$ cat input02.cif   # mmCIF, C-alpha atoms
data_data
loop_
_atom_site.label_atom_id
_atom_site.label_comp_id
_atom_site.auth_asym_id
_atom_site.auth_seq_id
_atom_site.Cartn_x
_atom_site.Cartn_y
_atom_site.Cartn_z
CA MET K 1 -137.61 15.83 -46.46
CA SER K 2 -136.34 12.75 -48.09
CA ALA K 3 -136.55 9.39 -46.50
CA ARG K 4 -133.22 7.96 -45.27
CA ARG K 5 -131.89 5.14 -47.31
CA PRO K 6 -131.41 2.08 -45.18
CA ARG K 7 -127.77 1.17 -44.47
CA PRO K 8 -126.64 -1.96 -46.18
CA VAL K 9 -126.27 -4.69 -43.66
CA ARG K 10 -123.14 -6.86 -43.95
CA LYS K 11 -123.94 -10.45 -44.04
CA PRO K 12 -122.39 -11.98 -40.94
CA VAL K 13 -119.37 -14.17 -41.72
CA ALA K 14 -118.95 -17.33 -39.72
CA GLY K 15 -115.71 -16.99 -37.69
CA THR K 16 -113.33 -19.80 -36.86
CA PRO K 17 -114.75 -21.75 -33.95
CA ALA K 18 -113.02 -21.02 -30.63
CA TRP K 19 -111.75 -24.55 -30.22
CA VAL K 20 -109.78 -24.68 -33.47
CA ALA K 21 -106.64 -22.79 -32.41
CA PRO K 22 -106.15 -24.65 -29.06
CA ALA K 23 -106.84 -27.96 -30.80
CA ALA K 24 -104.24 -27.05 -33.45
CA VAL K 25 -101.68 -26.52 -30.70
CA VAL K 26 -102.41 -29.91 -29.13
CA VAL K 27 -102.39 -31.70 -32.50
CA GLY K 28 -99.15 -29.91 -33.47
CA LEU K 29 -97.55 -31.07 -30.24
CA ALA K 30 -98.70 -34.66 -30.87
CA VAL K 31 -97.20 -34.53 -34.38
CA LEU K 32 -93.90 -33.28 -32.95
CA VAL K 33 -93.85 -36.08 -30.36
CA ALA K 34 -94.46 -38.62 -33.14
CA ALA K 35 -91.62 -37.08 -35.16
CA PHE K 36 -89.30 -37.26 -32.14
CA LEU K 37 -90.17 -40.95 -31.68
CA VAL K 38 -89.32 -41.64 -35.32
CA ILE K 39 -85.99 -39.80 -34.95
CA ARG K 40 -85.26 -41.77 -31.79
CA TRP K 41 -86.00 -45.06 -33.55
CA TYR K 42 -83.75 -44.00 -36.43
CA VAL K 43 -80.76 -43.05 -34.27
CA THR K 44 -80.99 -45.99 -31.82
CA PRO K 45 -77.94 -48.20 -32.40
CA LEU K 46 -78.48 -51.85 -33.25
CA PRO K 47 -76.95 -54.39 -30.87
CA PRO K 48 -73.30 -54.98 -31.82
CA LYS K 49 -72.52 -58.44 -33.16
CA ALA K 50 -71.37 -60.67 -30.30
CA PRO K 51 -67.70 -61.67 -30.60
CA SER K 52 -66.63 -65.32 -30.74
CA GLN K 53 -65.52 -67.13 -27.59
CA ASP K 54 -61.85 -66.68 -28.53
CA ALA K 55 -62.38 -63.00 -29.22
CA THR K 56 -64.18 -62.65 -25.88
CA THR K 57 -61.27 -64.30 -24.08
CA GLN K 58 -58.87 -61.92 -25.82
CA LEU K 59 -61.11 -58.98 -25.00
CA VAL K 60 -61.22 -59.85 -21.31
CA ALA K 61 -57.45 -60.31 -21.32
CA THR K 62 -57.04 -56.86 -22.84
CA ILE K 63 -59.15 -55.00 -20.30
CA THR K 64 -57.82 -56.93 -17.30
CA SER K 65 -54.14 -56.44 -18.08
CA LEU K 66 -53.92 -52.68 -18.34
CA ALA K 67 -50.57 -51.23 -17.28
CA PRO K 68 -50.33 -49.52 -13.87
CA SER K 69 -49.17 -46.38 -15.68
CA GLU K 70 -52.57 -46.33 -17.41
CA PHE K 71 -54.38 -46.19 -14.06
CA ASP K 72 -52.04 -43.46 -12.82
CA ALA K 73 -52.48 -41.42 -15.99
CA VAL K 74 -56.27 -41.34 -15.61
CA GLY K 75 -56.70 -40.95 -11.83
CA GLN K 76 -60.38 -40.29 -11.12
CA GLY K 77 -60.90 -39.14 -14.71
CA THR K 78 -64.52 -38.20 -15.28
CA ALA K 79 -65.93 -40.78 -12.85
CA ASN K 80 -68.56 -39.66 -10.35
CA ASN K 81 -67.55 -40.59 -6.85
CA LEU K 82 -70.67 -42.51 -5.79
CA VAL K 83 -68.75 -44.50 -3.18
CA LYS K 84 -70.56 -44.01 0.14
CA PRO K 85 -68.97 -45.19 3.37
CA ILE K 86 -70.99 -47.57 5.55
CA SER K 87 -70.59 -47.04 9.26
CA GLY K 88 -71.02 -49.79 11.81
CA GLY K 89 -71.89 -53.37 11.06
CA SER K 90 -69.56 -56.28 10.56
CA VAL K 91 -67.27 -56.75 7.59
CA LEU K 92 -68.98 -58.68 4.80
CA LYS K 93 -66.97 -61.84 4.25
CA GLY K 94 -67.25 -64.55 1.62
CA PRO K 95 -67.31 -68.32 2.17
CA ASN K 96 -63.51 -68.38 2.45
CA GLY K 97 -63.41 -65.69 5.11
CA ARG K 98 -62.03 -62.92 2.93
CA PRO K 99 -63.71 -59.52 2.47
CA GLU K 100 -66.49 -59.85 -0.11
CA VAL K 101 -67.52 -57.54 -2.91
CA PHE K 102 -71.21 -58.07 -3.64
CA TYR K 103 -72.75 -56.96 -6.93
CA TYR K 104 -76.52 -56.81 -7.54
CA GLY K 105 -77.80 -55.90 -10.98
CA ALA K 106 -79.52 -57.11 -14.11
CA GLU K 107 -78.56 -57.70 -17.71
CA PHE K 108 -81.25 -55.40 -19.15
CA CYS K 109 -80.01 -52.46 -17.10
CA PRO K 110 -77.81 -49.99 -19.03
CA TYR K 111 -76.31 -48.56 -15.85
CA CYS K 112 -75.29 -52.07 -14.79
CA ALA K 113 -73.80 -52.50 -18.26
CA ALA K 114 -71.71 -49.39 -17.75
CA GLN K 115 -70.66 -50.28 -14.21
CA ARG K 116 -69.50 -53.82 -15.02
CA TRP K 117 -66.57 -52.52 -17.10
CA PRO K 118 -64.83 -50.73 -14.21
CA LEU K 119 -65.86 -53.41 -11.70
CA ILE K 120 -64.21 -56.13 -13.80
CA ILE K 121 -61.11 -53.99 -14.29
CA ALA K 122 -60.86 -53.12 -10.59
CA LEU K 123 -61.41 -56.68 -9.33
CA SER K 124 -58.91 -58.00 -11.87
CA ARG K 125 -56.23 -56.07 -10.01
CA PHE K 126 -56.90 -58.34 -7.01
CA GLY K 127 -57.67 -61.63 -8.76
CA THR K 128 -58.78 -63.37 -11.94
CA PHE K 129 -62.13 -63.71 -13.66
CA SER K 130 -63.20 -66.62 -15.81
CA GLY K 131 -66.46 -67.29 -17.59
CA LEU K 132 -67.26 -63.69 -18.44
CA GLN K 133 -69.52 -63.42 -21.48
CA THR K 134 -70.35 -60.43 -23.62
CA THR K 135 -73.90 -59.05 -23.72
CA THR K 136 -75.70 -55.76 -24.19
CA SER K 137 -78.31 -53.95 -22.17
CA SER K 138 -81.96 -54.02 -23.24
CA SER K 139 -82.84 -52.71 -26.69
CA SER K 140 -85.94 -51.00 -25.30
CA ASP K 141 -84.53 -49.20 -22.28
CA VAL K 142 -82.59 -45.94 -22.05
CA TYR K 143 -79.08 -46.15 -23.52
CA PRO K 144 -80.18 -49.19 -25.55
CA ASN K 145 -77.76 -52.00 -26.44
CA THR K 146 -74.95 -50.74 -24.23
CA PRO K 147 -72.07 -53.22 -24.71
CA THR K 148 -70.93 -54.99 -21.58
CA PHE K 149 -70.18 -58.36 -19.96
CA THR K 150 -72.40 -60.46 -17.75
CA PHE K 151 -71.53 -62.05 -14.43
CA ARG K 152 -74.22 -64.73 -14.83
CA SER K 153 -71.73 -67.61 -15.17
CA ALA K 154 -68.51 -65.88 -14.20
CA THR K 155 -66.23 -67.10 -11.44
CA TYR K 156 -63.62 -65.06 -9.64
CA LEU K 157 -60.53 -66.22 -7.79
CA SER K 158 -58.41 -64.04 -5.54
CA GLN K 159 -56.29 -64.45 -2.46
CA TYR K 160 -57.38 -61.01 -1.22
CA VAL K 161 -61.11 -60.59 -1.80
CA GLU K 162 -64.12 -62.66 -2.76
CA PHE K 163 -66.76 -61.69 -5.27
CA ARG K 164 -70.41 -62.63 -5.50
CA ALA K 165 -72.71 -61.38 -8.27
CA VAL K 166 -76.46 -61.61 -8.76
CA GLU K 167 -77.90 -60.81 -12.17
CA THR K 168 -81.62 -60.78 -11.45
CA THR K 169 -82.87 -60.84 -15.06
CA ASP K 170 -81.55 -61.26 -18.58
CA ARG K 171 -81.64 -58.45 -21.14
CA ASP K 172 -85.24 -59.31 -22.00
CA HIS K 173 -86.34 -59.07 -18.36
CA ASN K 174 -86.68 -62.85 -17.89
CA PRO K 175 -85.79 -63.95 -14.33
CA LEU K 176 -82.23 -65.20 -14.03
CA GLN K 177 -80.73 -65.30 -10.54
CA SER K 178 -82.03 -64.56 -7.04
CA PRO K 179 -80.17 -63.15 -4.06
CA SER K 180 -79.96 -65.21 -0.90
CA ALA K 181 -81.85 -63.95 2.13
CA SER K 182 -78.70 -62.37 3.57
CA GLU K 183 -77.89 -60.73 0.23
CA GLN K 184 -81.41 -59.35 -0.02
CA GLN K 185 -80.90 -57.96 3.47
CA LEU K 186 -77.79 -56.13 2.24
CA VAL K 187 -79.77 -54.61 -0.62
CA ASN K 188 -82.59 -53.58 1.70
CA SER K 189 -80.20 -52.05 4.19
CA TYR K 190 -77.77 -50.19 1.97
CA ASP K 191 -79.77 -49.63 -1.20
CA PRO K 192 -83.25 -48.83 0.12
CA GLY K 193 -84.18 -47.01 -3.08
CA GLY K 194 -83.63 -50.23 -5.02
CA THR K 195 -81.25 -48.58 -7.49
CA ILE K 196 -79.27 -51.00 -9.63
CA PRO K 197 -76.45 -51.66 -10.01
CA PHE K 198 -75.73 -51.91 -6.30
CA ILE K 199 -72.26 -52.83 -5.08
CA ASP K 200 -71.40 -53.55 -1.47
CA ILE K 201 -67.68 -53.56 -0.77
CA ALA K 202 -67.28 -55.67 2.36
CA ASN K 203 -69.94 -53.62 4.19
CA ARG K 204 -67.45 -50.74 4.26
CA TYR K 205 -68.58 -48.95 1.12
CA ALA K 206 -71.75 -49.01 -0.96
CA ILE K 207 -72.30 -47.78 -4.49
CA SER K 208 -75.75 -47.37 -6.03
CA GLY K 209 -75.88 -46.58 -9.72
CA ALA K 210 -73.25 -46.20 -12.41
CA MET K 211 -70.25 -43.94 -11.94
CA TYR K 212 -70.47 -42.66 -15.52
CA THR K 213 -73.27 -42.37 -18.04
CA PRO K 214 -73.72 -45.37 -20.35
CA ASP K 215 -73.63 -43.18 -23.46
CA VAL K 216 -69.84 -43.07 -23.05
CA VAL K 217 -69.82 -46.53 -24.64
CA GLY K 218 -73.14 -46.17 -26.47
CA GLY K 219 -73.13 -47.31 -30.09
CA MET K 220 -69.70 -48.95 -29.68
CA SER K 221 -68.75 -52.60 -29.90
CA TRP K 222 -66.60 -54.27 -27.22
CA GLN K 223 -63.27 -54.19 -29.04
CA PRO K 224 -63.32 -50.44 -29.77
CA VAL K 225 -64.09 -49.84 -26.08
CA ALA K 226 -61.18 -52.08 -25.08
CA ASP K 227 -58.91 -50.27 -27.54
CA ALA K 228 -60.02 -46.89 -26.20
CA LEU K 229 -59.11 -47.95 -22.66
CA LYS K 230 -55.48 -48.03 -23.75
CA GLN K 231 -55.68 -44.31 -24.58
CA PRO K 232 -55.73 -42.49 -21.19
CA ASP K 233 -57.21 -39.34 -22.67
CA SER K 234 -60.12 -41.08 -24.43
CA PRO K 235 -63.59 -40.43 -22.95
CA GLN K 236 -63.97 -44.17 -22.36
CA ALA K 237 -60.68 -44.45 -20.43
CA ARG K 238 -61.40 -41.34 -18.37
CA ALA K 239 -64.83 -42.69 -17.39
CA ILE K 240 -64.17 -46.41 -17.05
CA ILE K 241 -60.64 -46.40 -15.66
CA GLY K 242 -61.50 -43.43 -13.46
CA SER K 243 -64.39 -45.48 -12.02
CA ALA K 244 -62.15 -48.55 -11.71
CA ASN K 245 -59.63 -46.50 -9.72
CA LEU K 246 -62.33 -45.38 -7.28
CA LEU K 247 -63.54 -48.97 -6.87
CA THR K 248 -59.94 -50.14 -6.43
CA ALA K 249 -59.38 -47.53 -3.72
CA ALA K 250 -62.52 -48.68 -1.89
CA ILE K 251 -61.51 -52.35 -2.11
CA CYS K 252 -58.01 -51.46 -0.90
CA LYS K 253 -59.41 -49.60 2.10
CA ALA K 254 -61.71 -52.49 2.93
CA ASN K 255 -58.81 -54.90 2.69
CA VAL K 256 -56.17 -53.06 4.74
CA ASP K 257 -54.37 -51.89 1.61
CA GLN K 258 -53.52 -55.35 0.32
CA PRO K 259 -51.91 -56.10 -2.06
CA ALA K 260 -49.37 -53.34 -1.64
CA GLY K 261 -48.45 -53.53 -5.30
CA VAL K 262 -51.90 -52.17 -6.15
CA CYS K 263 -52.91 -50.22 -3.06
CA SER K 264 -49.72 -48.30 -2.36
CA SER K 265 -49.70 -46.38 -5.62
CA SER K 266 -49.99 -42.63 -5.16
CA THR K 267 -53.13 -42.61 -7.33
CA ILE K 268 -54.97 -45.13 -5.17
CA GLN K 269 -53.73 -43.56 -1.95
CA GLY K 270 -54.95 -40.17 -3.14
CA LEU K 271 -58.38 -41.57 -4.03
CA GLU K 272 -58.62 -43.39 -0.68
CA LYS K 273 -58.50 -39.98 1.01
CA LYS K 274 -61.55 -38.89 -1.01
CA LEU K 275 -63.62 -41.87 0.11
CA GLY K 276 -63.95 -40.90 3.73
CA MET C 1 -113.36 -14.23 -10.82
CA PRO C 2 -113.99 -15.80 -14.26
CA ARG C 3 -113.72 -19.56 -14.39
CA LEU C 4 -110.99 -19.33 -17.05
CA LYS C 5 -108.82 -17.28 -14.73
CA VAL C 6 -109.39 -19.62 -11.79
CA ALA C 7 -108.47 -22.62 -13.94
CA ALA C 8 -105.29 -20.93 -15.16
CA ILE C 9 -104.20 -19.95 -11.66
CA LEU C 10 -104.88 -23.48 -10.41
CA ALA C 11 -102.86 -24.93 -13.31
CA SER C 12 -100.00 -22.55 -12.52
CA VAL C 13 -100.04 -23.51 -8.85
CA ALA C 14 -100.08 -27.20 -9.78
CA GLY C 15 -97.11 -26.55 -12.08
CA VAL C 16 -95.22 -24.81 -9.26
CA ALA C 17 -95.92 -27.79 -6.97
CA VAL C 18 -94.72 -30.38 -9.49
CA SER C 19 -91.62 -28.29 -10.29
CA ILE C 20 -90.81 -27.96 -6.58
CA TYR C 21 -91.10 -31.75 -6.20
CA ILE C 22 -88.72 -32.38 -9.12
CA THR C 23 -86.29 -29.77 -7.76
CA LEU C 24 -86.36 -31.44 -4.33
CA LEU C 25 -85.57 -34.78 -5.99
CA HIS C 26 -82.45 -33.12 -7.41
CA TYR C 27 -81.22 -31.45 -4.24
CA VAL C 28 -82.32 -33.89 -1.54
CA GLY C 29 -81.74 -37.05 -3.57
CA PHE C 30 -85.16 -38.61 -3.07
CA VAL C 31 -85.97 -41.54 -5.32
CA PRO C 32 -88.80 -40.37 -7.61
CA ALA C 33 -92.16 -42.09 -7.33
CA CYS C 34 -91.93 -43.36 -10.90
CA PRO C 35 -90.90 -46.54 -12.76
CA ALA C 36 -87.14 -46.91 -13.17
CA SER C 37 -86.86 -49.10 -16.24
CA GLY C 38 -88.21 -49.08 -19.76
CA ALA C 39 -89.53 -46.07 -21.60
CA ILE C 40 -91.00 -44.45 -18.48
CA ASN C 41 -87.97 -43.68 -16.36
CA CYS C 42 -87.84 -40.50 -14.30
CA GLU C 43 -84.44 -41.34 -12.87
CA ALA C 44 -82.87 -41.66 -16.32
CA VAL C 45 -84.19 -38.25 -17.32
CA LEU C 46 -83.52 -36.48 -14.03
CA SER C 47 -79.98 -37.85 -13.73
CA SER C 48 -79.08 -37.05 -17.34
CA PRO C 49 -76.73 -34.16 -18.11
CA TYR C 50 -79.71 -32.32 -19.60
CA ALA C 51 -81.51 -32.16 -16.25
CA VAL C 52 -79.54 -29.07 -15.29
CA ILE C 53 -79.40 -25.68 -16.95
CA GLY C 54 -76.34 -25.76 -19.22
CA GLY C 55 -73.07 -25.03 -17.43
CA THR C 56 -74.67 -24.76 -13.99
CA ALA C 57 -75.78 -27.09 -11.22
CA ILE C 58 -79.29 -25.59 -11.26
CA PRO C 59 -81.96 -28.13 -12.19
CA THR C 60 -84.17 -27.29 -15.16
CA SER C 61 -87.16 -27.70 -12.87
CA ALA C 62 -86.05 -24.60 -10.93
CA ALA C 63 -86.72 -22.61 -14.09
CA GLY C 64 -90.13 -24.33 -14.13
CA ILE C 65 -90.92 -22.97 -10.66
CA VAL C 66 -90.13 -19.43 -11.87
CA TRP C 67 -92.09 -19.86 -15.12
CA PHE C 68 -95.24 -21.15 -13.41
CA ALA C 69 -95.01 -18.51 -10.65
CA ILE C 70 -94.81 -15.71 -13.22
CA SER C 71 -97.65 -17.33 -15.13
CA ALA C 72 -99.82 -17.26 -11.99
CA VAL C 73 -99.02 -13.57 -11.45
CA LEU C 74 -99.84 -12.73 -15.08
CA TRP C 75 -103.19 -14.50 -14.83
CA ILE C 76 -104.13 -12.60 -11.66
CA ARG C 77 -104.01 -9.40 -13.74
CA PRO C 78 -106.50 -8.81 -16.59
CA PRO C 79 -105.54 -11.17 -19.46
CA GLY C 80 -103.47 -9.43 -22.13
CA PRO C 81 -101.04 -10.27 -24.92
CA LEU C 82 -98.30 -10.87 -22.36
CA VAL C 83 -100.10 -13.97 -21.04
CA LEU C 84 -100.24 -15.45 -24.52
CA ALA C 85 -96.60 -14.61 -25.27
CA TRP C 86 -95.49 -16.06 -21.94
CA SER C 87 -97.52 -19.22 -22.55
CA PHE C 88 -95.97 -19.74 -25.98
CA LEU C 89 -92.49 -19.26 -24.51
CA GLY C 90 -93.37 -22.10 -22.12
CA LEU C 91 -94.67 -24.21 -25.01
CA LEU C 92 -91.41 -23.77 -26.95
CA THR C 93 -89.49 -24.88 -23.88
CA VAL C 94 -91.75 -27.93 -23.55
CA VAL C 95 -91.03 -28.87 -27.19
CA TYR C 96 -87.29 -28.58 -26.52
CA LEU C 97 -87.55 -30.68 -23.33
CA LEU C 98 -89.62 -33.33 -25.14
CA PHE C 99 -86.90 -33.50 -27.80
CA ILE C 100 -84.32 -34.11 -25.07
CA GLU C 101 -86.43 -36.74 -23.32
CA ILE C 102 -87.46 -38.71 -26.40
CA VAL C 103 -84.51 -38.31 -28.76
CA LEU C 104 -81.46 -37.73 -26.58
CA VAL C 105 -82.29 -39.64 -23.38
CA GLY C 106 -84.83 -42.10 -24.76
CA ALA C 107 -87.05 -42.04 -21.70
CA ILE C 108 -90.06 -40.15 -20.42
CA CYS C 109 -90.21 -38.64 -16.94
CA LEU C 110 -93.78 -38.81 -15.66
CA TRP C 111 -93.38 -35.87 -13.31
CA CYS C 112 -91.85 -33.76 -16.08
CA THR C 113 -94.77 -34.74 -18.32
CA ALA C 114 -97.19 -33.56 -15.62
CA ALA C 115 -95.48 -30.16 -15.66
CA HIS C 116 -95.51 -30.11 -19.48
CA ALA C 117 -99.24 -30.87 -19.45
CA MET C 118 -99.82 -27.87 -17.18
CA VAL C 119 -97.96 -25.67 -19.69
CA VAL C 120 -100.16 -26.94 -22.52
CA VAL C 121 -103.28 -26.30 -20.43
CA LEU C 122 -102.09 -22.74 -19.80
CA VAL C 123 -101.43 -22.21 -23.51
CA VAL C 124 -104.92 -23.41 -24.38
CA LEU C 125 -106.49 -21.20 -21.70
CA ALA C 126 -104.48 -18.19 -22.91
CA MET C 127 -105.69 -18.77 -26.47
CA VAL C 128 -109.29 -19.10 -25.35
CA ALA C 129 -108.99 -15.93 -23.24
CA ARG C 130 -107.69 -13.93 -26.20
CA ARG C 131 -110.83 -14.53 -28.25
#

$ encode --input "input02.cif" --output "structure tokens"
Amino acid sequence: MSARRPRPVRKPVAGTPAWVAPAAVVVGLAVLVAAFLVIRWYVTPLPPKAPSQDATTQLVATITSLAPSEFDAVGQGTANNLVKPISGGSVLKGPNGRPEVFYYGAEFCPYCAAQRWPLIIALSRFGTFSGLQTTTSSSSDVYPNTPTFTFRSATYLSQYVEFRAVETTDRDHNPLQSPSASEQQLVNSYDPGGTIPFIDIANRYAISGAMYTPDVVGGMSWQPVADALKQPDSPQARAIIGSANLLTAAICKANVDQPAGVCSSSTIQGLEKKLG
Amino acid sequence: MPRLKVAAILASVAGVAVSIYITLLHYVGFVPACPASGAINCEAVLSSPYAVIGGTAIPTSAAGIVWFAISAVLWIRPPGPLVLAWSFLGLLTVVYLLFIEIVLVGAICLWCTAAHAMVVVLVVLAMVARR
């Protein structure tokens, strides 16, 4: 009987530690996030070059003198109807006793940047702005450098409605203007979530937020936006003029459909029915 | 019940809870408990066109509820290859959603990030369980 030869024993091989694969997943995810941040930085548009004062005046004239047929061609367009009726309470009136439109926003805010375009266009159907200046939203917020105007030193004259604007900060978040106690009360009452922009139309309608997404004008300068507004089928016209029509309808309803030249159009009358 | 399994089920339940909260924000219109300016901006993400499943009005977070619920069910059973496959499907979705948040919207939603973190935890647990 021969003795059994001992089986060769395989030298144990050190396996990959258990933590390596999960750690690889986490590290891989971190690398992807870093790559996404780089892509974001690369695709973020730079602020457009501010136009001269003369060019700004021309720009404002362009967007505030759109033909009535333009408004009718767009209707509501792609605007979100964020106009909410306010029930009860007294009509908000300005110092001259006319119904007041109150705007509360900030220059850094891209949604405010988007909403100022239609608000200026709508109010210009009832009166005249002066002192509007171009600006862009913050470079470090969502929808960076959205081109817009600021109400910080604007004045508005109308025989139908009054307008009061508060821009709380500049585009770098520095304090700019403060609401009065009664204006703060309006914000607290009708915009409890603190969403900006907030617009109160004579305490009859309230709008919190922008009626279209700021990327509609993202990466554009002011003049191309103004040019696009003259093309009713452009995305900019459908969003901005559509929003302006909704705002116009709300102002008309709050002001007993005056002036008739604006409020009696079939487009505005049709939108008034949607406002409730 | 092994600790790994308990941790995974707890992470799944937490994911369901966060996803339900985000879905409620969409349907009820609550304002999210989250900063609303700068890089951290839940509202910007949740009100973006990408916050709903393409072509529908269903919020993406509703899919999150389903994913986490199925994950919890899979972890109740003995761990198998399906748990790992399901976890990696979730991880791919997280990568896609991070791309949308960072590159397309340019903002981070804290609540969404909480749900994403739960997915990563579940992936790690699934990998550890497979060894």

$ residues_around --input "input02.cif" --residues "Thr148 of chain K" --least-positions-apart "6" --cutoff "7 Å" --atoms "only C-alpha atoms" --output "list in words"
Ala113, Ala114, Arg116, Trp117, Thr134, Thr135 and Thr136 of chain K

$ residues_around --input "input02.cif" --residues "segment 101-105 of chain C" --least-positions-apart "4" --cutoff "7 Å" --atoms "all atoms listed in the file" --output "list in words"
Phe36, Leu37, Ile39, Arg40 and Val142 of chain K; Val45 and Leu97 of chain C

$ interface_residues --input "input02.cif" --of "chain C" --to "chain K" --cutoff "8 Å" --atoms "only C-alpha atoms" --output "JSON, numbers by chain"
{"C": [31, 37, 38, 39, 44, 48, 95, 98, 99, 102, 103, 104, 105, 106, 107, 120, 123, 124, 127, 128, 131]}

$ atom_distance --input "input02.cif" --atom1 "atom CA of Gln115 of chain K" --atom2 "atom CA of Ala210 of chain K"
5.2 Å

$ resolve_selection --input "input02.cif" --expression "the PyMOL selection byres ((chain K and resi 225) around 10)" --output "VMD selection string"
chain K and resid 59 63 117 147 to 148 216 to 218 220 to 224 226 to 230 234 to 237 240

$ write_last_selection --input "input02.cif" --atoms "C-alpha atoms" --output "compact mmCIF listing (two decimals), in the coordinates of the input"
# COMPACT_ATOMS: atom_id res chain seq x y z
CA LEU K 59 -61.11 -58.98 -25.00
CA ILE K 63 -59.15 -55.00 -20.30
CA TRP K 117 -66.57 -52.52 -17.10
CA PRO K 147 -72.07 -53.22 -24.71
CA THR K 148 -70.93 -54.99 -21.58
CA VAL K 216 -69.84 -43.07 -23.05
CA VAL K 217 -69.82 -46.53 -24.64
CA GLY K 218 -73.14 -46.17 -26.47
CA MET K 220 -69.70 -48.95 -29.68
CA SER K 221 -68.75 -52.60 -29.90
CA TRP K 222 -66.60 -54.27 -27.22
CA GLN K 223 -63.27 -54.19 -29.04
CA PRO K 224 -63.32 -50.44 -29.77
CA ALA K 226 -61.18 -52.08 -25.08
CA ASP K 227 -58.91 -50.27 -27.54
CA ALA K 228 -60.02 -46.89 -26.20
CA LEU K 229 -59.11 -47.95 -22.66
CA LYS K 230 -55.48 -48.03 -23.75
CA SER K 234 -60.12 -41.08 -24.43
CA PRO K 235 -63.59 -40.43 -22.95
CA GLN K 236 -63.97 -44.17 -22.36
CA ALA K 237 -60.68 -44.45 -20.43
CA ILE K 240 -64.17 -46.41 -17.05

$ resolve_selection --input "input02.cif" --expression "the PyMOL selection byres ((chain K and resi 242) around 9)" --output "list in words"
Phe71, Val74, Gly75, Gln76, Gly77, Thr78, Ala79, Asn80, Pro118, Met211, Ala237, Arg238, Ala239, Ile240, Ile241, Ser243, Ala244, Asn245, Leu246 and Leu247 of chain K

$ residues_around --input "input02.cif" --residues "Ile65 of chain C" --least-positions-apart "3" --cutoff "12 Å" --atoms "only C-alpha atoms" --output "PDB file with C-alpha atoms, in the coordinates of the input"
ATOM      1  CA  SER C  12    -100.000 -22.550 -12.520  1.00  0.00           C
ATOM      2  CA  VAL C  13    -100.040 -23.510  -8.850  1.00  0.00           C
ATOM      3  CA  ALA C  14    -100.080 -27.200  -9.780  1.00  0.00           C
ATOM      4  CA  GLY C  15     -97.110 -26.550 -12.080  1.00  0.00           C
ATOM      5  CA  VAL C  16     -95.220 -24.810  -9.260  1.00  0.00           C
ATOM      6  CA  ALA C  17     -95.920 -27.790  -6.970  1.00  0.00           C
ATOM      7  CA  VAL C  18     -94.720 -30.380  -9.490  1.00  0.00           C
ATOM      8  CA  SER C  19     -91.620 -28.290 -10.290  1.00  0.00           C
ATOM      9  CA  ILE C  20     -90.810 -27.960  -6.580  1.00  0.00           C
ATOM     10  CA  TYR C  21     -91.100 -31.750  -6.200  1.00  0.00           C
ATOM     11  CA  ILE C  22     -88.720 -32.380  -9.120  1.00  0.00           C
ATOM     12  CA  THR C  23     -86.290 -29.770  -7.760  1.00  0.00           C
ATOM     13  CA  LEU C  24     -86.360 -31.440  -4.330  1.00  0.00           C
ATOM     14  CA  ILE C  58     -79.290 -25.590 -11.260  1.00  0.00           C
ATOM     15  CA  PRO C  59     -81.960 -28.130 -12.190  1.00  0.00           C
ATOM     16  CA  THR C  60     -84.170 -27.290 -15.160  1.00  0.00           C
ATOM     17  CA  SER C  61     -87.160 -27.700 -12.870  1.00  0.00           C
ATOM     18  CA  ALA C  62     -86.050 -24.600 -10.930  1.00  0.00           C
ATOM     19  CA  PHE C  68     -95.240 -21.150 -13.410  1.00  0.00           C
ATOM     20  CA  ALA C  69     -95.010 -18.510 -10.650  1.00  0.00           C
ATOM     21  CA  ILE C  70     -94.810 -15.710 -13.220  1.00  0.00           C
ATOM     22  CA  SER C  71     -97.650 -17.330 -15.130  1.00  0.00           C
ATOM     23  CA  ALA C  72     -99.820 -17.260 -11.990  1.00  0.00           C
ATOM     24  CA  GLY C  90     -93.370 -22.100 -22.120  1.00  0.00           C
ATOM     25  CA  ALA C 115     -95.480 -30.160 -15.660  1.00  0.00           C
ATOM     26  CA  VAL C 119     -97.960 -25.670 -19.690  1.00  0.00           C
TER      27      VAL C 119
END

$ closest_residue --input "input02.cif" --among "C:Ala129, C:Val121, C:Leu4, C:Ala51" --to "Gly80 of chain C" --atoms "all atoms listed in the file"
C:Ala129

$ atom_distance --input "input02.cif" --atom1 "atom CA of Glu272 of chain K" --atom2 "atom CA of Val28 of chain C"
25.5 Å

$ resolve_selection --input "input02.cif" --expression "the PyMOL selection byres ((chain K and resi 250-257) around 7)" --output "short mmCIF file (atom, residue, chain, number, x, y, z; two decimals) with C-alpha atoms, in the frame of the given file"
data_model
loop_
_atom_site.label_atom_id
_atom_site.label_comp_id
_atom_site.auth_asym_id
_atom_site.auth_seq_id
_atom_site.Cartn_x
_atom_site.Cartn_y
_atom_site.Cartn_z
CA PRO K 99 -63.71 -59.52 2.47
CA ILE K 201 -67.68 -53.56 -0.77
CA ALA K 202 -67.28 -55.67 2.36
CA ARG K 204 -67.45 -50.74 4.26
CA TYR K 205 -68.58 -48.95 1.12
CA LEU K 246 -62.33 -45.38 -7.28
CA LEU K 247 -63.54 -48.97 -6.87
CA THR K 248 -59.94 -50.14 -6.43
CA ALA K 249 -59.38 -47.53 -3.72
CA GLN K 258 -53.52 -55.35 0.32
CA PRO K 259 -51.91 -56.10 -2.06
CA ALA K 260 -49.37 -53.34 -1.64
CA CYS K 263 -52.91 -50.22 -3.06
CA GLU K 272 -58.62 -43.39 -0.68
#
